[in-house]
file entry.tsv (TSV, C-alpha atoms)
chain	number	residue	atom	x	y	z
A	1	MET	CA	105.59	151.44	56.82
A	2	LYS	CA	101.89	152.26	57.00
A	3	ARG	CA	101.42	150.71	53.52
A	4	VAL	CA	103.19	147.51	54.60
A	5	LEU	CA	101.02	147.27	57.71
A	6	ALA	CA	97.87	147.86	55.65
A	7	VAL	CA	98.82	145.08	53.20
A	8	LEU	CA	99.65	142.74	56.08
A	9	GLY	CA	96.31	143.55	57.70
A	10	CYS	CA	94.47	142.66	54.51
A	11	LEU	CA	96.33	139.34	54.25
A	12	LEU	CA	95.37	138.50	57.81
A	13	CYS	CA	91.75	139.36	57.05
A	14	VAL	CA	91.77	136.98	54.07
A	15	ALA	CA	93.37	134.23	56.15
A	16	GLY	CA	90.86	134.81	58.90
A	17	ALA	CA	88.00	134.45	56.46
A	18	ALA	CA	89.23	130.95	55.60
A	19	ARG	CA	89.71	129.78	59.21
A	20	PRO	CA	89.84	131.42	62.66
A	21	LEU	CA	93.14	132.90	63.71
A	22	GLN	CA	95.05	130.57	66.01
A	23	GLY	CA	94.40	131.52	69.62
A	24	LEU	CA	91.24	133.49	68.84
A	25	ALA	CA	88.95	132.92	71.79
A	26	GLN	CA	85.46	131.56	71.19
A	27	PRO	CA	82.81	131.86	73.90
A	28	LEU	CA	82.10	128.64	75.75
A	29	PRO	CA	78.66	127.23	74.88
A	30	SER	CA	75.59	127.66	77.06
A	31	GLN	CA	74.81	123.98	76.52
A	32	ILE	CA	77.82	121.70	76.30
A	33	ASN	CA	78.13	118.50	74.28
A	34	PRO	CA	81.31	116.54	75.06
A	35	ASP	CA	81.10	114.87	71.63
A	36	THR	CA	82.12	118.21	70.13
A	37	LEU	CA	85.13	118.64	72.41
A	38	GLY	CA	88.69	117.42	72.09
A	39	GLY	CA	89.78	114.00	73.25
A	40	LYS	CA	88.72	112.56	76.61
A	41	THR	CA	91.70	112.75	78.95
A	42	PHE	CA	90.30	111.11	82.09
A	43	ASP	CA	87.49	108.63	82.66
A	44	GLU	CA	86.58	106.78	85.85
A	45	HIS	CA	83.79	104.21	85.88
A	46	TRP	CA	84.92	102.44	89.09
A	47	GLU	CA	85.77	99.02	87.72
A	48	ARG	CA	87.94	98.98	90.83
A	49	LEU	CA	89.18	101.56	93.31
A	50	ASP	CA	92.82	102.23	92.48
A	51	ALA	CA	93.65	104.32	95.57
A	52	SER	CA	96.19	104.62	98.37
A	53	GLU	CA	97.40	107.11	100.95
A	54	MET	CA	100.67	108.11	99.26
A	55	ALA	CA	102.16	110.28	101.97
A	56	LYS	CA	104.73	111.36	99.39
A	57	ARG	CA	104.74	111.24	95.60
A	58	PRO	CA	105.71	107.66	94.62
A	59	ALA	CA	107.42	106.52	91.44
A	60	ALA	CA	104.22	104.73	90.38
A	61	PRO	CA	101.20	106.50	91.89
A	62	THR	CA	97.75	105.00	92.17
A	63	ARG	CA	95.01	106.83	90.28
A	64	TRP	CA	93.51	108.25	93.48
A	65	ARG	CA	95.04	109.55	96.70
A	66	THR	CA	93.04	109.19	99.94
A	67	VAL	CA	94.42	112.16	101.92
A	68	LEU	CA	94.90	115.86	101.32
A	69	GLY	CA	98.34	115.40	102.82
A	70	ALA	CA	99.01	118.77	104.43
A	71	GLY	CA	102.09	118.18	106.58
A	72	ASP	CA	102.87	115.38	109.00
A	73	PRO	CA	100.68	112.19	108.93
A	74	SER	CA	100.55	112.33	112.72
A	75	LYS	CA	98.90	115.79	112.66
A	76	ALA	CA	95.20	116.52	112.25
A	77	ALA	CA	95.80	118.81	109.25
A	78	TYR	CA	96.95	115.79	107.24
A	79	ARG	CA	93.42	114.34	107.32
A	80	THR	CA	91.18	117.31	108.17
A	81	GLY	CA	87.97	117.45	106.16
A	82	SER	CA	86.29	120.19	108.17
A	83	GLY	CA	86.38	121.55	111.68
A	84	SER	CA	84.50	118.49	112.90
A	85	SER	CA	85.51	115.70	110.49
A	86	ILE	CA	88.56	113.88	109.20
A	87	TYR	CA	89.26	111.87	106.07
A	88	VAL	CA	90.10	108.22	106.63
A	89	ASP	CA	90.68	105.11	104.53
A	90	ALA	CA	90.85	101.39	105.17
A	91	THR	CA	94.50	101.62	106.26
A	92	PHE	CA	94.03	104.40	108.85
A	93	ALA	CA	95.12	103.19	112.29
A	94	GLY	CA	94.62	106.30	114.39
A	95	VAL	CA	97.13	108.61	116.07
A	96	ALA	CA	98.19	108.67	119.72
A	97	GLU	CA	100.90	110.71	121.45
A	98	GLY	CA	102.11	112.07	118.13
A	99	ARG	CA	102.53	108.63	116.54
A	100	VAL	CA	100.56	106.86	113.86
A	101	LEU	CA	99.40	103.54	115.32
A	102	ASP	CA	99.90	100.14	113.74
A	103	LYS	CA	96.52	98.38	113.48
A	104	PRO	CA	93.90	99.69	111.00
A	105	LEU	CA	90.68	100.80	112.67
A	106	GLY	CA	88.44	99.23	110.04
A	107	LEU	CA	86.79	102.49	109.01
A	108	ASN	CA	86.45	102.50	105.23
A	109	PRO	CA	84.49	105.38	103.65
A	110	PHE	CA	84.80	103.95	100.13
A	111	GLN	CA	82.16	101.45	99.05
A	112	ILE	CA	82.42	100.32	95.45
A	113	ASP	CA	79.89	98.64	93.18
A	114	PRO	CA	82.34	97.52	90.46
A	115	GLY	CA	81.64	99.11	87.10
A	116	ALA	CA	78.65	101.01	88.45
A	117	SER	CA	79.45	103.50	91.21
A	118	LEU	CA	81.52	104.45	94.23
A	119	ALA	CA	80.03	105.78	97.44
A	120	ILE	CA	82.01	108.03	99.78
A	121	VAL	CA	80.37	107.39	103.13
A	122	GLY	CA	80.37	109.66	106.17
A	123	SER	CA	79.40	108.68	109.68
A	124	LYS	CA	79.78	109.38	113.39
A	125	THR	CA	83.05	108.53	115.11
A	126	PRO	CA	82.65	105.78	117.73
A	127	THR	CA	83.12	107.33	121.17
A	128	ALA	CA	85.94	104.91	122.05
A	129	LEU	CA	87.93	106.02	118.98
A	130	LEU	CA	87.70	109.78	119.52
A	131	PRO	CA	91.04	110.03	121.41
A	132	ILE	CA	92.94	108.51	118.45
A	133	MET	CA	90.97	110.36	115.77
A	134	PHE	CA	91.91	113.89	116.80
A	135	ASP	CA	88.64	114.13	118.78
A	136	ARG	CA	86.74	114.72	115.53
A	137	PRO	CA	83.13	113.54	115.94
A	138	TYR	CA	82.71	112.57	112.27
A	139	TRP	CA	84.69	110.74	109.59
A	140	ALA	CA	84.34	110.48	105.82
A	141	GLY	CA	86.67	110.40	102.79
A	142	VAL	CA	88.50	112.22	100.03
A	143	LEU	CA	89.94	111.13	96.68
A	144	THR	CA	92.36	113.28	94.68
A	145	THR	CA	94.44	112.90	91.52
A	146	LYS	CA	97.24	115.11	92.83
A	147	PHE	CA	99.95	112.61	91.86
A	148	SER	CA	98.30	111.00	88.84
A	149	PHE	CA	96.33	113.48	86.69
A	150	SER	CA	96.13	117.22	86.09
A	151	GLN	CA	95.12	119.40	83.17
A	152	LEU	CA	95.26	123.02	82.05
A	153	PHE	CA	91.82	124.01	80.74
A	154	GLY	CA	89.09	121.63	79.62
A	155	TYR	CA	85.66	120.32	80.57
A	156	PHE	CA	85.39	118.39	83.84
A	157	GLU	CA	82.24	116.48	84.78
A	158	ILE	CA	80.83	114.21	87.47
A	159	THR	CA	77.62	112.19	87.49
A	160	ALA	CA	76.46	111.68	91.05
A	161	GLN	CA	73.85	111.59	93.78
A	162	LEU	CA	74.49	113.80	96.80
A	163	PRO	CA	73.70	113.19	100.47
A	164	VAL	CA	70.76	115.17	101.82
A	165	GLY	CA	70.77	116.19	105.46
A	166	LYS	CA	72.11	118.86	107.78
A	167	GLY	CA	75.88	118.87	108.04
A	168	PHE	CA	76.74	116.92	104.89
A	169	TRP	CA	79.26	118.70	102.65
A	170	PRO	CA	80.07	116.85	99.40
A	171	ALA	CA	82.17	118.49	96.69
A	172	PHE	CA	83.86	118.04	93.33
A	173	TRP	CA	86.64	120.60	92.85
A	174	LEU	CA	89.99	121.41	91.26
A	175	LEU	CA	93.24	122.68	92.77
A	176	PRO	CA	96.49	123.78	91.09
A	177	VAL	CA	99.47	121.45	91.06
A	178	ARG	CA	101.73	124.14	92.51
A	179	GLY	CA	101.50	127.25	94.66
A	180	ALA	CA	100.49	127.84	98.26
A	181	TRP	CA	96.68	128.16	98.47
A	182	PRO	CA	95.01	130.36	97.25
A	183	GLN	CA	97.82	131.05	94.80
A	184	ASN	CA	96.76	129.89	91.31
A	185	GLY	CA	93.15	129.61	92.40
A	186	GLU	CA	90.55	127.03	93.35
A	187	LEU	CA	87.66	125.92	91.17
A	188	ASP	CA	84.63	124.33	92.85
A	189	VAL	CA	82.55	122.49	90.26
A	190	PHE	CA	79.96	122.08	92.97
A	191	GLU	CA	79.62	122.00	96.72
A	192	GLY	CA	76.56	120.64	98.46
A	193	LEU	CA	75.35	121.61	101.92
A	194	GLY	CA	72.90	118.79	102.43
A	195	GLU	CA	70.14	120.77	100.71
A	196	PRO	CA	67.73	118.65	98.67
A	197	GLU	CA	67.43	120.95	95.63
A	198	GLN	CA	70.47	123.25	95.70
A	199	ILE	CA	74.21	123.23	95.08
A	200	HIS	CA	76.86	125.97	95.11
A	201	ALA	CA	79.22	126.86	92.23
A	202	GLY	CA	82.38	128.53	93.47
A	203	ILE	CA	85.73	130.06	92.59
A	204	ILE	CA	88.64	131.45	94.59
A	205	SER	CA	91.44	133.61	93.19
A	206	GLY	CA	94.37	134.81	95.24
A	207	ALA	CA	95.64	137.24	92.61
A	208	ASP	CA	92.24	138.80	91.96
A	209	HIS	CA	91.20	138.70	95.65
A	210	LEU	CA	88.05	136.84	94.65
A	211	THR	CA	86.02	134.42	96.73
A	212	SER	CA	82.64	133.75	95.17
A	213	SER	CA	80.19	130.91	95.70
A	214	VAL	CA	76.78	131.17	94.06
A	215	PRO	CA	73.77	129.06	95.13
A	216	ILE	CA	72.20	127.21	92.22
A	217	LYS	CA	68.54	126.27	92.67
A	218	LEU	CA	67.79	122.95	90.95
A	219	PRO	CA	64.55	121.58	89.44
A	220	PHE	CA	65.24	118.14	90.92
A	221	LYS	CA	66.33	116.44	94.12
A	222	VAL	CA	70.09	115.86	94.34
A	223	GLY	CA	69.77	112.65	96.36
A	224	GLY	CA	67.69	110.62	98.73
A	225	PRO	CA	64.97	108.06	97.95
A	226	GLY	CA	63.99	107.99	94.28
A	227	ALA	CA	66.65	110.48	93.16
A	228	ASP	CA	68.03	110.24	89.62
A	229	TRP	CA	71.62	110.63	88.47
A	230	HIS	CA	72.61	114.17	87.45
A	231	SER	CA	75.77	115.64	85.99
A	232	TYR	CA	77.69	118.62	87.34
A	233	GLY	CA	80.43	120.09	85.19
A	234	VAL	CA	82.68	123.05	84.53
A	235	ALA	CA	84.38	124.28	81.35
A	236	TRP	CA	87.56	126.24	81.98
A	237	SER	CA	89.38	128.21	79.31
A	238	ALA	CA	91.94	131.01	79.36
A	239	ASP	CA	89.11	133.51	78.97
A	240	GLU	CA	86.13	132.24	80.93
A	241	ILE	CA	84.74	129.59	83.25
A	242	VAL	CA	81.24	128.17	82.84
A	243	TRP	CA	79.43	125.86	85.27
A	244	TYR	CA	76.85	123.36	84.01
A	245	VAL	CA	74.13	121.17	85.52
A	246	ASP	CA	73.04	118.36	83.22
A	247	ARG	CA	75.23	120.13	80.63
A	248	LYS	CA	73.24	123.37	80.72
A	249	GLU	CA	74.88	126.61	81.85
A	250	VAL	CA	74.15	127.84	85.38
A	251	ARG	CA	76.98	130.36	85.91
A	252	ARG	CA	79.70	132.16	83.91
A	253	VAL	CA	82.69	134.32	84.97
A	254	PRO	CA	85.89	135.63	83.35
A	255	THR	CA	88.92	133.47	84.15
A	256	PRO	CA	90.92	135.07	86.98
A	257	SER	CA	94.46	136.16	86.17
A	258	ASP	CA	96.05	133.43	88.31
A	259	MET	CA	94.12	130.59	86.63
A	260	LYS	CA	95.59	130.82	83.15
A	261	GLN	CA	98.84	128.85	83.32
A	262	VAL	CA	98.90	126.20	86.05
A	263	PRO	CA	97.23	122.79	85.55
A	264	MET	CA	94.74	121.57	88.14
A	265	TYR	CA	93.99	118.15	89.61
A	266	LEU	CA	90.67	116.64	90.68
A	267	LEU	CA	89.23	116.23	94.18
A	268	LEU	CA	86.12	114.36	95.35
A	269	ASN	CA	85.19	114.49	99.00
A	270	LEU	CA	82.54	114.26	101.64
A	271	ALA	CA	83.20	116.37	104.74
A	272	ILE	CA	80.80	116.68	107.66
A	273	GLY	CA	80.01	119.83	109.60
A	274	GLY	CA	81.32	123.36	109.29
A	275	LYS	CA	80.50	127.01	109.87
A	276	TRP	CA	79.16	127.47	106.36
A	277	GLY	CA	76.57	124.71	106.16
A	278	GLY	CA	76.23	123.99	109.86
A	279	TRP	CA	76.62	120.80	111.85
A	280	PRO	CA	74.55	117.62	111.92
A	281	ASP	CA	71.58	117.54	114.26
A	282	GLU	CA	68.86	115.11	115.27
A	283	THR	CA	67.36	115.27	111.76
A	284	THR	CA	70.55	114.18	109.97
A	285	PRO	CA	70.19	110.70	108.41
A	286	TRP	CA	73.16	108.40	108.95
A	287	PRO	CA	75.25	107.39	107.21
A	288	GLY	CA	75.66	110.07	104.54
A	289	GLU	CA	76.53	108.80	101.05
A	290	PHE	CA	78.04	110.75	98.15
A	291	VAL	CA	77.49	108.27	95.32
A	292	ILE	CA	79.53	108.81	92.14
A	293	GLN	CA	78.74	107.07	88.90
A	294	ARG	CA	81.38	108.65	86.66
A	295	VAL	CA	84.15	111.27	86.61
A	296	SER	CA	85.50	112.47	83.25
A	297	ALA	CA	87.58	115.21	81.67
A	298	TRP	CA	87.95	116.41	78.11
A	299	LYS	CA	90.17	118.85	76.27
A	300	LEU	CA	88.55	121.90	74.76
A	301	PRO	CA	88.63	122.13	70.96
A	302	GLY	CA	91.36	124.09	69.25
call {"tool": "encode", "arguments": {"input": "entry.tsv", "output": "structure tokens"}}
result
Amino acid sequence: MKRVLAVLGCLLCVAGAARPLQGLAQPLPSQINPDTLGGKTFDEHWERLDASEMAKRPAAPTRWRTVLGAGDPSKAAYRTGSGSSIYVDATFAGVAEGRVLDKPLGLNPFQIDPGASLAIVGSKTPTALLPIMFDRPYWAGVLTTKFSFSQLFGYFEITAQLPVGKGFWPAFWLLPVRGAWPQNGELDVFEGLGEPEQIHAGIISGADHLTSSVPIKLPFKVGGPGADWHSYGVAWSADEIVWYVDRKEVRRVPTPSDMKQVPMYLLLNLAIGGKWGGWPDETTPWPGEFVIQRVSAWKLPG
């Protein structure tokens, strides 16, 4: 038996010399080039905004969903962005006495420049509308691919300009298609806290009892007058997760045990106010704009 195993081991060594063994993990690169990856699986250049509320999964979903959709549409949790903001869209009519009203309020956080960019805009809630907007003083927007696109492993990237100012909270992140949060994890490609030269790269794992968000100091301004476009990405494999800014590594961790089997979908949002980054004050410039030029995903090679 030992002789057979030895011969088999030699054969495997020879085969391995010709090409890597299937499933053999290779470290993710410190500088990523999407041209060397597998096929592009998702690409959004905003020729138009294909989005709708989709309270439930429809037979033919739009590309983007405009709510997080936790529970009843007449409840605040359905549209909560943070403790002081809600997510709205052009169809949102407000809620009164436990009932969604009929006439849209005309608050649209999505401003598109066809083929160029999409801005998610956040602003103050008009005083007269507070009673039908869950008394949240701010409104903004969210877009998710929960019903239209998800992927297990890959490289996910956004090119954007972020709002600068106290209380602004833009993010690009991934959530699993099944499991009660934080089951199967959460992957934050970036979160911004209105800081001009800093983002945060984060991960949450229920199984590994991990909540970790690392501040990333940047050599450029994320937004505001004269700001350039910059890319923020994450490569996710069964073995490790690497965050990138302008395709250069800024953080690396082993893949948590609960983030190895369940595909994730994409989320883009601008929330306003919260315990982590604080609330807007007299210095906050209004409106806040999270401007997105492109969102793409690729498969990893192999």
call {"tool": "closest_residue", "arguments": {"input": "entry.tsv", "among": "A:Val214, A:Met259, A:Ser148, A:Asp135", "to": "Gln183 of chain A", "atoms": "only C-alpha atoms"}}
result
A:Met259
call {"tool": "atom_distance", "arguments": {"input": "entry.tsv", "atom1": "atom CA of Thr125 of chain A", "atom2": "atom CA of Thr80 of chain A"}}
result
13.8 Å
call {"tool": "atom_distance", "arguments": {"input": "entry.tsv", "atom1": "atom CA of Asp35 of chain A", "atom2": "atom CA of Ser150 of chain A"}}
result
21.0 Å
call {"tool": "residues_around", "arguments": {"input": "entry.tsv", "residues": "Ala59 of chain A", "least_positions_apart": "3", "cutoff": "10 Å", "atoms": "all atoms listed in the file", "output": "MDAnalysis selection string"}}
result
chainID A and resid 56 62 147
call {"tool": "residues_around", "arguments": {"input": "entry.tsv", "residues": "Pro301 of chain A", "least_positions_apart": "2", "cutoff": "10 Å", "atoms": "all atoms listed in the file", "output": "PyMOL selection string"}}
result
chain A and resi 26+36-39+154+298-299
call {"tool": "atom_distance", "arguments": {"input": "entry.tsv", "atom1": "atom CA of Glu186 of chain A", "atom2": "atom CA of Arg79 of chain A"}}
result
19.1 Å
call {"tool": "residues_near_point", "arguments": {"input": "entry.tsv", "point": "(73.0, 115.7, 107.0)", "cutoff": "8 Å", "atoms": "all atoms listed in the file", "output": "number ranges by chain"}}
result
A: 163-168, 194, 272, 279-281, 283-286, 288
call {"tool": "residues_around", "arguments": {"input": "entry.tsv", "residues": "Asp246 of chain A", "least_positions_apart": "3", "cutoff": "7 Å", "atoms": "all atoms listed in the file", "output": "list in words"}}
result
His230, Ser231 and Tyr232 of chain A
call {"tool": "closest_residue", "arguments": {"input": "entry.tsv", "among": "A:Val95, A:Ile158, A:Ile120, A:Ala227", "to": "Leu143 of chain A", "atoms": "only C-alpha atoms"}}
result
A:Ile120
call {"tool": "axis_aligned_box", "arguments": {"input": "entry.tsv", "around": "segment 207-211 of chain A", "padding_each_side": "4 Å", "output": "lines of an AutoDock Vina configuration file"}}
result
center_x = 90.8
center_y = 136.6
center_z = 94.3
size_x = 17.6
size_y = 12.4
size_z = 12.8
call {"tool": "residues_around", "arguments": {"input": "entry.tsv", "residues": "Gly274 of chain A", "least_positions_apart": "6", "cutoff": "7 Å", "atoms": "only C-alpha atoms", "output": "ChimeraX atom specification"}}
result
/A:82-84
call {"tool": "closest_residue", "arguments": {"input": "entry.tsv", "among": "A:Leu187, A:Ile86, A:Ala70, A:Leu152", "to": "Val242 of chain A", "atoms": "all atoms listed in the file"}}
result
A:Leu187
call {"tool": "residues_around", "arguments": {"input": "entry.tsv", "residues": "Ile241 of chain A", "least_positions_apart": "5", "cutoff": "7 Å", "atoms": "only C-alpha atoms", "output": "PyMOL selection string"}}
result
chain A and resi 234-236+252-255
call {"tool": "closest_residue", "arguments": {"input": "entry.tsv", "among": "A:Ile216, A:Val67, A:Leu105, A:Ala160", "to": "Arg251 of chain A", "atoms": "all atoms listed in the file"}}
result
A:Ile216
call {"tool": "closest_residue", "arguments": {"input": "entry.tsv", "among": "A:Gln151, A:Thr211, A:Gly179, A:Phe110", "to": "Thr41 of chain A", "atoms": "all atoms listed in the file"}}
result
A:Gln151
call {"tool": "closest_atom_pairs", "arguments": {"input": "entry.tsv", "of": "segment 198-270 of chain A", "to": "segment 112-118 of chain A", "cutoff": "12 Å", "atoms": "all atoms listed in the file", "output": "CSV"}}
result
residue,atom,partner,partner_atom,distance
A:Trp229,CA,A:Ser117,CA,10.9
A:Leu268,CA,A:Leu118,CA,11.0
A:Asn269,CA,A:Leu118,CA,11.7
call {"tool": "closest_residue", "arguments": {"input": "entry.tsv", "among": "A:Pro27, A:Pro170, A:Gly278, A:Pro131", "to": "Ala76 of chain A", "atoms": "only C-alpha atoms"}}
result
A:Pro131
call {"tool": "build_atoms", "arguments": {"input": "entry.tsv", "residues": "segment 226-247 of chain A", "atoms": "N, CA and C atoms", "output": "compact mmCIF listing (two decimals), in the coordinates of the input"}}
result
# COMPACT_ATOMS: atom_id res chain seq x y z
N GLY A 226 64.56 107.70 95.59
CA GLY A 226 63.99 107.99 94.28
C GLY A 226 64.75 109.00 93.44
N ALA A 227 65.89 109.47 93.91
CA ALA A 227 66.65 110.48 93.16
C ALA A 227 67.28 109.86 91.92
N ASP A 228 67.38 110.66 90.86
CA ASP A 228 68.03 110.24 89.62
C ASP A 228 69.49 110.69 89.63
N TRP A 229 70.26 110.16 88.68
CA TRP A 229 71.62 110.63 88.47
C TRP A 229 71.59 111.97 87.74
N HIS A 230 72.47 112.88 88.14
CA HIS A 230 72.61 114.17 87.45
C HIS A 230 74.08 114.50 87.30
N SER A 231 74.38 115.27 86.25
CA SER A 231 75.77 115.64 85.99
C SER A 231 76.02 117.08 86.39
N TYR A 232 77.23 117.30 86.91
CA TYR A 232 77.69 118.62 87.34
C TYR A 232 79.06 118.83 86.70
N GLY A 233 79.20 119.90 85.93
CA GLY A 233 80.43 120.09 85.19
C GLY A 233 80.89 121.53 85.16
N VAL A 234 82.14 121.71 84.73
CA VAL A 234 82.68 123.05 84.53
C VAL A 234 83.59 123.04 83.32
N ALA A 235 83.46 124.06 82.47
CA ALA A 235 84.38 124.28 81.35
C ALA A 235 85.27 125.46 81.71
N TRP A 236 86.56 125.25 81.55
CA TRP A 236 87.56 126.24 81.98
C TRP A 236 88.48 126.53 80.81
N SER A 237 88.48 127.77 80.37
CA SER A 237 89.38 128.21 79.31
C SER A 237 90.22 129.38 79.81
N ALA A 238 91.11 129.87 78.97
CA ALA A 238 91.94 131.01 79.36
C ALA A 238 91.12 132.28 79.52
N ASP A 239 89.91 132.30 78.96
CA ASP A 239 89.11 133.51 78.97
C ASP A 239 87.92 133.48 79.93
N GLU A 240 87.32 132.31 80.10
CA GLU A 240 86.13 132.24 80.93
C GLU A 240 85.95 130.85 81.54
N ILE A 241 85.10 130.83 82.56
CA ILE A 241 84.74 129.59 83.25
C ILE A 241 83.22 129.52 83.28
N VAL A 242 82.69 128.36 82.88
CA VAL A 242 81.24 128.17 82.84
C VAL A 242 80.89 126.89 83.61
N TRP A 243 79.93 127.00 84.51
CA TRP A 243 79.43 125.86 85.27
C TRP A 243 78.17 125.32 84.59
N TYR A 244 78.00 124.00 84.66
CA TYR A 244 76.85 123.36 84.01
C TYR A 244 76.19 122.37 84.97
N VAL A 245 74.88 122.25 84.89
CA VAL A 245 74.13 121.17 85.52
C VAL A 245 73.38 120.45 84.42
N ASP A 246 73.59 119.15 84.33
CA ASP A 246 73.04 118.36 83.22
C ASP A 246 73.39 119.01 81.88
N ARG A 247 74.61 119.56 81.83
CA ARG A 247 75.23 120.13 80.63
C ARG A 247 74.59 121.42 80.15
